[in-house]
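First up is the structure itself, then whatever we jot down about it.
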Amino acid sequence: MAKINFEVPLTKKKQNAMIQANVLDDKKMREIGFTDYSKDSWYYCRGLGSDISFNVSINKKTSKIKIDVLDECFLQPFDYQAQIQDGRNDDFINNINKQVQEQMKYLMDAGVITGYRVGDYI
């Protein structure tokens, strides 16, 4: 069963308030997998399977970060964390959680994200 630590402070937009972004130099951000087609922000996106995607946007000037898990079929957020909190326990939802945690760890190891602990609510 997927476990998430829901005991974290939240922002007004219900994101983990402990998560901070570090904007690295342009070359490093691109090596990690970010794009900056929008000149004001860095964008990172990875597919998690079944039309679910993991997305990170970081403002280049303020380092404000936004993390979304999206259902690309319905063009809306996919709140897998709420489903886990409500007791959903199946291979699909556990796999999405696992992949999100892997992406968060990758970004932490790369030095882009700080303040997050694997398993925390995003």
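Chain labels follow the order of the structure tokens: the first chain is A, the next B, and so on; residue numbering restarts at 1 in every chain, and ligands are counted from 1 in their shown order.
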Subject >> DSSP strand (DSSP E or B) residues within chain A, listed as a ChimeraX atom specification >> reply: /A:5,10,16,20-21,35,41-49,52-59,65-71,76-77,113-114,120
Store the residues of this selection in a file with N, CA and C atoms, as a short mmCIF file (atom, residue, chain, number, x, y, z; two decimals), in the first residue's frame.
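Written output follows (out.cif):
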```
data_model
loop_
_atom_site.label_atom_id
_atom_site.label_comp_id
_atom_site.auth_asym_id
_atom_site.auth_seq_id
_atom_site.Cartn_x
_atom_site.Cartn_y
_atom_site.Cartn_z
N ASN A 5 2.99 10.87 3.81
CA ASN A 5 2.97 11.67 5.02
C ASN A 5 2.15 12.93 4.74
N LEU A 10 1.01 23.34 4.49
CA LEU A 10 0.58 23.56 3.12
C LEU A 10 0.52 25.06 2.79
N ASN A 16 2.75 21.34 -0.59
CA ASN A 16 3.68 21.22 0.52
C ASN A 16 4.52 22.50 0.62
N GLN A 20 11.03 23.73 -1.83
CA GLN A 20 11.67 24.92 -2.39
C GLN A 20 12.40 24.52 -3.67
N ALA A 21 12.55 25.48 -4.57
CA ALA A 21 13.26 25.23 -5.83
C ALA A 21 14.56 26.00 -5.87
N THR A 35 12.90 22.54 -19.79
CA THR A 35 12.89 23.40 -20.98
C THR A 35 12.50 24.80 -20.53
N SER A 41 10.11 30.96 -17.22
CA SER A 41 10.05 29.81 -16.33
C SER A 41 10.71 28.56 -16.93
N TRP A 42 11.11 27.69 -16.02
CA TRP A 42 11.60 26.37 -16.38
C TRP A 42 10.45 25.39 -16.26
N TYR A 43 10.39 24.42 -17.18
CA TYR A 43 9.30 23.45 -17.18
C TYR A 43 9.88 22.05 -17.35
N TYR A 44 9.38 21.13 -16.53
CA TYR A 44 9.82 19.73 -16.54
C TYR A 44 8.56 18.87 -16.61
N CYS A 45 8.54 17.89 -17.50
CA CYS A 45 7.37 17.02 -17.65
C CYS A 45 7.82 15.60 -17.96
N ARG A 46 7.21 14.64 -17.26
CA ARG A 46 7.47 13.23 -17.50
C ARG A 46 6.16 12.48 -17.47
N GLY A 47 5.98 11.58 -18.43
CA GLY A 47 4.80 10.72 -18.45
C GLY A 47 4.94 9.62 -17.41
N LEU A 48 3.85 9.33 -16.73
CA LEU A 48 3.84 8.29 -15.71
C LEU A 48 3.05 7.07 -16.16
N GLY A 49 2.56 7.08 -17.39
CA GLY A 49 1.77 5.98 -17.90
C GLY A 49 0.29 6.28 -17.83
N ILE A 52 -1.13 9.91 -17.55
CA ILE A 52 -0.89 10.71 -16.34
C ILE A 52 0.51 11.30 -16.47
N SER A 53 0.65 12.59 -16.17
CA SER A 53 1.96 13.23 -16.29
C SER A 53 2.35 13.95 -15.00
N PHE A 54 3.65 14.06 -14.80
CA PHE A 54 4.25 14.76 -13.67
C PHE A 54 4.86 16.04 -14.22
N ASN A 55 4.46 17.18 -13.68
CA ASN A 55 4.87 18.48 -14.24
C ASN A 55 5.39 19.40 -13.15
N VAL A 56 6.50 20.07 -13.45
CA VAL A 56 7.08 21.04 -12.52
C VAL A 56 7.35 22.32 -13.30
N SER A 57 6.87 23.44 -12.77
CA SER A 57 7.17 24.76 -13.31
C SER A 57 7.88 25.56 -12.24
N ILE A 58 8.97 26.23 -12.64
CA ILE A 58 9.74 27.05 -11.70
C ILE A 58 9.95 28.42 -12.33
N ASN A 59 9.52 29.46 -11.64
CA ASN A 59 9.73 30.82 -12.11
C ASN A 59 11.22 31.14 -12.03
N ILE A 65 7.78 27.52 -7.20
CA ILE A 65 7.62 26.22 -7.83
C ILE A 65 6.16 25.78 -7.79
N LYS A 66 5.75 25.11 -8.85
CA LYS A 66 4.41 24.52 -8.93
C LYS A 66 4.58 23.10 -9.44
N ILE A 67 4.01 22.16 -8.70
CA ILE A 67 4.08 20.75 -9.08
C ILE A 67 2.67 20.24 -9.32
N ASP A 68 2.48 19.62 -10.48
CA ASP A 68 1.17 19.07 -10.82
C ASP A 68 1.31 17.65 -11.33
N VAL A 69 0.35 16.82 -10.96
CA VAL A 69 0.17 15.51 -11.58
C VAL A 69 -1.14 15.63 -12.33
N LEU A 70 -1.06 15.44 -13.64
CA LEU A 70 -2.22 15.72 -14.49
C LEU A 70 -2.73 14.49 -15.22
N ASP A 71 -4.04 14.44 -15.39
CA ASP A 71 -4.70 13.45 -16.24
C ASP A 71 -4.83 14.11 -17.60
N GLN A 76 -7.08 17.76 -16.56
CA GLN A 76 -7.31 18.23 -15.20
C GLN A 76 -6.33 17.54 -14.25
N PRO A 77 -6.19 18.06 -13.03
CA PRO A 77 -5.30 17.42 -12.06
C PRO A 77 -5.76 15.99 -11.75
N ILE A 113 15.31 20.60 -6.21
CA ILE A 113 14.30 20.66 -5.15
C ILE A 113 14.96 20.40 -3.80
N THR A 114 14.58 21.22 -2.81
CA THR A 114 15.00 21.01 -1.43
C THR A 114 13.77 21.09 -0.53
N ASP A 120 6.54 12.40 1.52
CA ASP A 120 5.70 13.50 1.96
C ASP A 120 4.63 13.82 0.93
#
```
Original post:
Which residues in chain A does DSSP call alpha helix (DSSP H)? List them as a PyMOL selection string.
Top reply: chain A and resi 26-32+80-85+91-109
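Among the candidates A:Ser50, A:Ala110, A:Lys64, A:Gln99, the one nearest to Gly33 in chain A when counting only C-alpha atoms is A:Ala110.
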Subject >> Neighbour list for Leu24 in chain A as a ChimeraX atom specification, cut-off 12 Å, only C-alpha atoms, skip fewer than 2 positions in-chain >> reply: /A:21-22,26-32,34,42,58-61,63,107,110-113
**OP:** Identify, on the basis of only C-alpha atoms, every residue whose closest approach to range 100-102 of chain A does not exceed 8 Å; exclude the query and any residue fewer than 3 positions from it along the same chain; express the result as a ChimeraX atom specification.
**Re:** /A:48,54,96-97,105-106,118-119
Residues from the last selection, all heavy atoms, saved as a compact mmCIF listing (two decimals), in the first residue's frame:
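Now in result.txt:
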```
# COMPACT_ATOMS: atom_id res chain seq x y z
N LEU A 48 3.85 9.33 -16.73
CA LEU A 48 3.84 8.29 -15.71
C LEU A 48 3.05 7.07 -16.16
O LEU A 48 2.86 6.14 -15.40
CB LEU A 48 3.25 8.84 -14.41
CG LEU A 48 3.92 10.08 -13.83
CD1 LEU A 48 3.21 10.52 -12.56
CD2 LEU A 48 5.40 9.85 -13.58
N PHE A 54 3.65 14.06 -14.80
CA PHE A 54 4.25 14.76 -13.67
C PHE A 54 4.86 16.04 -14.22
O PHE A 54 5.66 15.99 -15.16
CB PHE A 54 5.32 13.87 -13.04
CG PHE A 54 6.12 14.54 -11.95
CD1 PHE A 54 5.62 14.66 -10.67
CD2 PHE A 54 7.39 15.03 -12.22
CE1 PHE A 54 6.35 15.26 -9.67
CE2 PHE A 54 8.14 15.63 -11.22
CZ PHE A 54 7.62 15.74 -9.95
N ILE A 96 1.52 5.03 -9.65
CA ILE A 96 1.62 6.48 -9.87
C ILE A 96 2.37 7.13 -8.71
O ILE A 96 3.29 7.93 -8.92
CB ILE A 96 0.22 7.12 -10.03
CG1 ILE A 96 -0.47 6.61 -11.31
CG2 ILE A 96 0.30 8.64 -10.02
CD1 ILE A 96 0.24 6.95 -12.60
N ASN A 97 2.02 6.76 -7.48
CA ASN A 97 2.71 7.31 -6.32
C ASN A 97 4.20 6.98 -6.37
O ASN A 97 5.05 7.85 -6.13
CB ASN A 97 2.09 6.78 -5.03
CG ASN A 97 2.75 7.36 -3.80
OD1 ASN A 97 2.83 8.57 -3.64
ND2 ASN A 97 3.24 6.48 -2.95
N LYS A 105 12.65 12.43 -6.12
CA LYS A 105 14.01 12.07 -5.69
C LYS A 105 15.02 12.47 -6.75
O LYS A 105 16.10 12.99 -6.42
CB LYS A 105 14.10 10.58 -5.38
CG LYS A 105 15.48 10.19 -4.86
CD LYS A 105 15.53 8.80 -4.34
CE LYS A 105 16.88 8.38 -3.78
NZ LYS A 105 18.04 9.12 -4.09
N TYR A 106 14.71 12.24 -8.01
CA TYR A 106 15.60 12.64 -9.09
C TYR A 106 15.88 14.14 -9.04
O TYR A 106 17.04 14.57 -9.13
CB TYR A 106 14.98 12.25 -10.45
CG TYR A 106 15.72 12.81 -11.63
CD1 TYR A 106 16.94 12.29 -12.02
CD2 TYR A 106 15.19 13.87 -12.37
CE1 TYR A 106 17.63 12.81 -13.10
CE2 TYR A 106 15.87 14.40 -13.45
CZ TYR A 106 17.09 13.86 -13.81
OH TYR A 106 17.77 14.39 -14.89
N VAL A 118 11.15 12.19 0.75
CA VAL A 118 10.45 11.16 -0.01
C VAL A 118 9.33 10.59 0.86
O VAL A 118 9.55 10.27 2.01
CB VAL A 118 11.42 10.05 -0.47
CG1 VAL A 118 10.65 8.88 -1.09
CG2 VAL A 118 12.42 10.61 -1.48
N GLY A 119 8.14 10.55 0.30
CA GLY A 119 6.97 10.05 1.00
C GLY A 119 6.06 11.16 1.54
O GLY A 119 4.94 10.88 1.93
```
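CA of Ile84 in chain A is found 7.7 Å from CA of Lys3 in chain A.
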